[in-house]
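Participant: Could you have a look at this structure, given as structure tokens, before my questions?
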Amino acid sequence: MIERIFARQMENGLWQWRLQGKQGWLNDGYFTGDIEALRTSLEGRSDLPIYALLRGANCVSLLEVAETKNRRTLAKLLPYELEDDIIDPIDELHFAFGEIEDMKVPLVYTRADMVEDVIGLFAGIDCDVELCLPDYLLVECPENELLVIWDEDEVLARYGNHQGFAVQTDIGQLYLKQLELTPEQIQKITLVAASSEACDELMSWLPSSLYEGPEIVTREGGFWDCIPAGENAGEINLRSGQFARQLPLQRWWQTWQVPVYFAAAAVVFSVAVNYAMFLEAKGEYREILEARKEIFLKAVPNGRWQTPERELRARLGEGTADSGGTNFMALMESIAKTMGAMENVNLGSLRYSGDQRELIVSFEVGNFSDVEKIRSDIEKLGFKAETLRAAARDDNFQARIKISQTGATS
């Protein structure tokens with residue numbers, strides 16, 4: 001199963017690439033073609049990480065003194081310290097830095113538009129570039145060794161702390177002769193070329209200072225034979241800074257689009273069901289209110305019916321009308337004790353005023369003396385009682401009494 005793609009940039013829009021799985025390379029050789037051919041080899045998958053290997057001839061690697069260990073400050077200052085040694089405008093270049101060791105930092109720079117083009121090229125086939133660096137920095141080479149590869153019409157070299165170069169073959173000899181390396185720095189030299197004769201010629205290009213001391217090993221092969229088949233990770237990654245990877249929101253949306261649609265449909269369905277249940281419950285509640293009203297009016301024919309909501313609002317209004325609180329329960333207790341002790345008393349209605357803190361009670365008794373008895377008994381309980389109206393009706397007396405606490409103002 002494909003785990004990642006190693007894609008090496010060539011001339012004229014062509015690429016070389018190899019497919020890597022968990023156990024190593026999935027094929028013995030590499031493929032060559034344009035970006036569409038590479039897309040076809042992905043077996044329909046677009047979630048594979050791409051290790052993009054830029055043409056080494058377009059990149060420069062250096063080892064510079066780091067005046068600070070703060071990488072953010074270093075990234076801002078160091079490029080302009082190198083401005084006098086660089087032909088291209090600094091603002092058009094993209095720099096990537098390695099780890100700082102002994103106050104020295106390896107760095108790579110290339111044109112920013114080249115990095116942008118490569119990232120955009122793979123984005124066009126729905127692939128994400130995870131690693132981007134010069135091709136010669138991915139070859140396997142310990143720090144105290146020199147690796148030189150003659151690969152078709154290019155010579156690639158890697159040595160030291162992430163140092164190296166890639167040039168055309170006709171000037172490869174010149175670059176190798178100018179290497180300022182000593183046997184103390186280099187303990188082993190590995191030369192890789194297509195044939196033993198090419199290896200011998202490659203050996204003749206080395207500086208004379210390296211002929212004695214370092215072990216020289218030659219082997220037949222090419223660039224891809226020097227890439228380790230196991231886990232690969234570049235310490236220097238041009239996919240950084242302004243080209244750092246972004247959250248793959250679009251890819252996540254494509255992955256979760258269908259589940260999100262189903263979840264949204266389930267939510268809408270749930271809301272619709274709950275609303276239908278609410279309407280049904282509201283209808284049942286209205287029926288219950290009508291039944292309660294009917295029962296209330298049978299018990300208190302002249303009473304004033306209120307819904308629980310209106311009654312609650314009235315109670316809340318009464319509670320906020322006066323900071324001293326409500327005396328409704330105390331007044332009701334006086335009525336209950338007084339009328340409960342008498343016979344033939346029919347309660348008509350109750351009306352409580354929170355602002356006036358008084359209770360007006362309408363009731364019916366047998367005679368006027370009962371009206372006075374109720375009023376006097378209430379006053380004996382410590383309340384003020386005033387008869388507002390008393391009139392004979394048929395064989396009974398109808399009366400209305402206002403009750404308030406002693407000292408309350410009306």
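Going by the structure tokens order, chains are called A, B, ..., each with residues numbered from 1, while ligands are numbered from 1 in the order shown.
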Sorted by chain and rising residue number, which residues of range 23-108 of chain A lie within 9 Å of range 209-228 of chain A, and what are their closest atom pairs and distances in Å to one decimal, counting only C-alpha atoms, as a tab-separated table?

Facilitator:
```
residue	atom	partner	partner_atom	distance
A:Gly24	CA	A:Pro228	CA	8.6
A:Gly29	CA	A:Trp224	CA	8.1
A:Tyr30	CA	A:Trp224	CA	7.7
```

Participant: List the spatial neighbours of Asp85 in chain A as a ChimeraX atom specification - criterion: any atom at most 12 Å away, only C-alpha atoms, same-chain residues fewer than 5 positions off excluded.

Facilitator: /A:60,62,78-80,90

Participant: DSSP on the backbone: what in range 27-150 of chain A comes out alpha helix (DSSP H), as a PDB file with C-alpha atoms, in the first residue's frame?

Facilitator:
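To be explicit, this is the file written out as result-v2.pdb:
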```pdb
ATOM      1  CA  ILE A  35       2.340  15.651 -13.554  1.00  0.00           C
ATOM      2  CA  GLU A  36      -0.639  13.911 -15.197  1.00  0.00           C
ATOM      3  CA  ALA A  37       1.310  10.660 -15.432  1.00  0.00           C
ATOM      4  CA  LEU A  38       2.201  11.023 -11.769  1.00  0.00           C
ATOM      5  CA  ARG A  39      -1.491  11.549 -10.913  1.00  0.00           C
ATOM      6  CA  THR A  40      -2.370   8.312 -12.722  1.00  0.00           C
ATOM      7  CA  ARG A  71      14.914  31.060  15.047  1.00  0.00           C
ATOM      8  CA  ARG A  72      12.330  33.738  14.326  1.00  0.00           C
ATOM      9  CA  THR A  73      14.870  36.533  14.755  1.00  0.00           C
ATOM     10  CA  LEU A  74      17.432  34.544  12.778  1.00  0.00           C
ATOM     11  CA  ALA A  75      15.021  34.094   9.870  1.00  0.00           C
ATOM     12  CA  LYS A  76      14.508  37.861   9.689  1.00  0.00           C
ATOM     13  CA  LEU A  77      18.130  38.972  10.005  1.00  0.00           C
ATOM     14  CA  LEU A  78      20.358  36.337   8.377  1.00  0.00           C
ATOM     15  CA  PRO A  79      19.063  36.679   4.781  1.00  0.00           C
ATOM     16  CA  TYR A  80      19.954  40.373   4.760  1.00  0.00           C
ATOM     17  CA  GLU A  81      23.394  39.636   6.205  1.00  0.00           C
ATOM     18  CA  ALA A 112      10.194  31.807  -3.842  1.00  0.00           C
ATOM     19  CA  ASP A 113       8.202  31.533  -7.076  1.00  0.00           C
ATOM     20  CA  MET A 114       9.765  28.113  -7.788  1.00  0.00           C
ATOM     21  CA  VAL A 115       8.606  26.777  -4.426  1.00  0.00           C
ATOM     22  CA  GLU A 116       5.174  28.293  -4.966  1.00  0.00           C
ATOM     23  CA  ASP A 117       4.879  26.736  -8.438  1.00  0.00           C
ATOM     24  CA  VAL A 118       5.763  23.252  -7.177  1.00  0.00           C
ATOM     25  CA  ILE A 119       3.292  23.423  -4.276  1.00  0.00           C
ATOM     26  CA  GLY A 120       0.598  24.730  -6.617  1.00  0.00           C
ATOM     27  CA  LEU A 121       1.348  22.033  -9.180  1.00  0.00           C
ATOM     28  CA  PHE A 122       0.661  19.235  -6.695  1.00  0.00           C
ATOM     29  CA  ALA A 123      -2.313  21.081  -5.231  1.00  0.00           C
TER      30      ALA A 123
END
```

Participant: Between A:Gln173, A:Ser362, A:Gln306, A:Thr387, which is the closest to Ser349 in chain A once you count only C-alpha atoms?

Facilitator: A:Ser362

Participant: Please indicate the distance in Å from CA of Leu53 in chain A to CA of Leu133 in chain A, rounded to one decimal place.

Facilitator: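 Calculated distance between CA of Leu53 in chain A and CA of Leu133 in chain A is 5.4 Å.
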
Participant: Just list as a ChimeraX atom specification whatever in range 118-327 of chain A DSSP marks as strand (DSSP E or B).

Facilitator: /A:128-134,145-151,154-159,163-168,188-193,215-220

Participant: Got time to write the residues from that selection, N, CA and C atoms, as a tab-separated table (two decimals), in the first residue's frame?

Facilitator:
```tsv
chain	number	residue	atom	x	y	z
A	128	ASP	N	-0.89	17.05	-1.26
A	128	ASP	CA	-0.28	18.02	-0.35
A	128	ASP	C	1.21	17.74	-0.23
A	129	VAL	N	2.01	18.77	-0.49
A	129	VAL	CA	3.47	18.65	-0.36
A	129	VAL	C	3.81	18.73	1.12
A	130	GLU	N	4.31	17.63	1.66
A	130	GLU	CA	4.67	17.58	3.08
A	130	GLU	C	6.11	17.99	3.31
A	131	LEU	N	6.99	17.64	2.38
A	131	LEU	CA	8.41	17.96	2.49
A	131	LEU	C	8.89	18.50	1.16
A	132	CYS	N	9.67	19.58	1.24
A	132	CYS	CA	10.21	20.20	0.02
A	132	CYS	C	11.65	20.62	0.30
A	133	LEU	N	12.59	20.08	-0.47
A	133	LEU	CA	14.00	20.40	-0.26
A	133	LEU	C	14.79	20.06	-1.52
A	134	PRO	N	16.02	20.53	-1.64
A	134	PRO	CA	16.84	20.16	-2.81
A	134	PRO	C	17.09	18.65	-2.84
A	145	GLU	N	31.28	12.35	6.06
A	145	GLU	CA	31.54	11.67	4.79
A	145	GLU	C	31.21	12.60	3.63
A	146	LEU	N	31.70	12.22	2.45
A	146	LEU	CA	31.40	12.93	1.20
A	146	LEU	C	30.78	11.93	0.24
A	147	LEU	N	29.62	12.29	-0.29
A	147	LEU	CA	28.94	11.44	-1.27
A	147	LEU	C	28.84	12.22	-2.58
A	148	VAL	N	29.34	11.62	-3.67
A	148	VAL	CA	29.27	12.25	-4.98
A	148	VAL	C	28.55	11.30	-5.93
A	149	ILE	N	27.56	11.82	-6.63
A	149	ILE	CA	26.75	11.00	-7.55
A	149	ILE	C	26.81	11.61	-8.94
A	150	TRP	N	27.19	10.78	-9.89
A	150	TRP	CA	27.12	11.18	-11.30
A	150	TRP	C	25.86	10.53	-11.86
A	151	ASP	N	24.81	11.34	-11.97
A	151	ASP	CA	23.50	10.82	-12.39
A	151	ASP	C	23.14	11.44	-13.73
A	154	GLU	N	24.03	15.15	-14.58
A	154	GLU	CA	24.21	15.97	-13.40
A	154	GLU	C	25.19	15.33	-12.44
A	155	VAL	N	25.87	16.17	-11.68
A	155	VAL	CA	26.73	15.71	-10.59
A	155	VAL	C	26.16	16.30	-9.30
A	156	LEU	N	25.87	15.43	-8.35
A	156	LEU	CA	25.33	15.85	-7.07
A	156	LEU	C	26.32	15.48	-5.98
A	157	ALA	N	26.44	16.32	-4.98
A	157	ALA	CA	27.35	16.05	-3.87
A	157	ALA	C	26.69	16.48	-2.56
A	158	ARG	N	26.97	15.68	-1.52
A	158	ARG	CA	26.51	16.05	-0.18
A	158	ARG	C	27.63	15.76	0.80
A	159	TYR	N	27.78	16.67	1.77
A	159	TYR	CA	28.85	16.51	2.76
A	159	TYR	C	28.53	17.42	3.96
A	163	GLN	N	25.31	20.22	3.73
A	163	GLN	CA	25.93	20.98	2.66
A	163	GLN	C	25.97	20.14	1.40
A	164	GLY	N	26.01	20.80	0.26
A	164	GLY	CA	26.09	20.08	-0.99
A	164	GLY	C	25.78	20.97	-2.17
A	165	PHE	N	25.70	20.34	-3.35
A	165	PHE	CA	25.37	21.09	-4.56
A	165	PHE	C	24.95	20.11	-5.64
A	166	ALA	N	24.39	20.65	-6.70
A	166	ALA	CA	24.03	19.87	-7.88
A	166	ALA	C	24.30	20.76	-9.09
A	167	VAL	N	25.12	20.28	-10.03
A	167	VAL	CA	25.49	21.07	-11.21
A	167	VAL	C	25.50	20.17	-12.44
A	168	GLN	N	25.56	20.79	-13.60
A	168	GLN	CA	25.69	20.03	-14.85
A	168	GLN	C	27.05	19.31	-14.88
A	188	LYS	N	35.41	9.37	4.90
A	188	LYS	CA	35.04	8.40	3.87
A	188	LYS	C	34.44	9.13	2.69
A	189	ILE	N	34.79	8.66	1.48
A	189	ILE	CA	34.25	9.23	0.25
A	189	ILE	C	33.56	8.11	-0.52
A	190	THR	N	32.30	8.33	-0.89
A	190	THR	CA	31.54	7.35	-1.68
A	190	THR	C	31.25	7.97	-3.04
A	191	LEU	N	31.67	7.28	-4.10
A	191	LEU	CA	31.46	7.74	-5.47
A	191	LEU	C	30.46	6.82	-6.15
A	192	VAL	N	29.39	7.37	-6.70
A	192	VAL	CA	28.34	6.58	-7.34
A	192	VAL	C	28.20	7.05	-8.79
A	193	ALA	N	28.26	6.11	-9.73
A	193	ALA	CA	28.11	6.43	-11.16
A	193	ALA	C	27.53	5.21	-11.87
A	215	GLU	N	38.83	7.01	3.27
A	215	GLU	CA	38.54	5.77	2.54
A	215	GLU	C	37.68	6.13	1.34
A	216	ILE	N	38.05	5.63	0.16
A	216	ILE	CA	37.29	5.91	-1.06
A	216	ILE	C	36.60	4.63	-1.52
A	217	VAL	N	35.27	4.71	-1.65
A	217	VAL	CA	34.45	3.56	-2.05
A	217	VAL	C	33.71	3.95	-3.33
A	218	THR	N	33.67	3.06	-4.29
A	218	THR	CA	32.92	3.30	-5.52
A	218	THR	C	31.84	2.24	-5.67
A	219	ARG	N	30.71	2.64	-6.25
A	219	ARG	CA	29.66	1.66	-6.55
A	219	ARG	C	28.84	2.15	-7.72
A	220	GLU	N	28.32	1.20	-8.46
A	220	GLU	CA	27.50	1.53	-9.62
A	220	GLU	C	26.08	1.82	-9.17
```

Participant: So the first atom is CA of Glu92 in chain A and the second is CA of Arg111 in chain A; what is the distance between them in Å, to one decimal place?

Facilitator: 6.0 Å
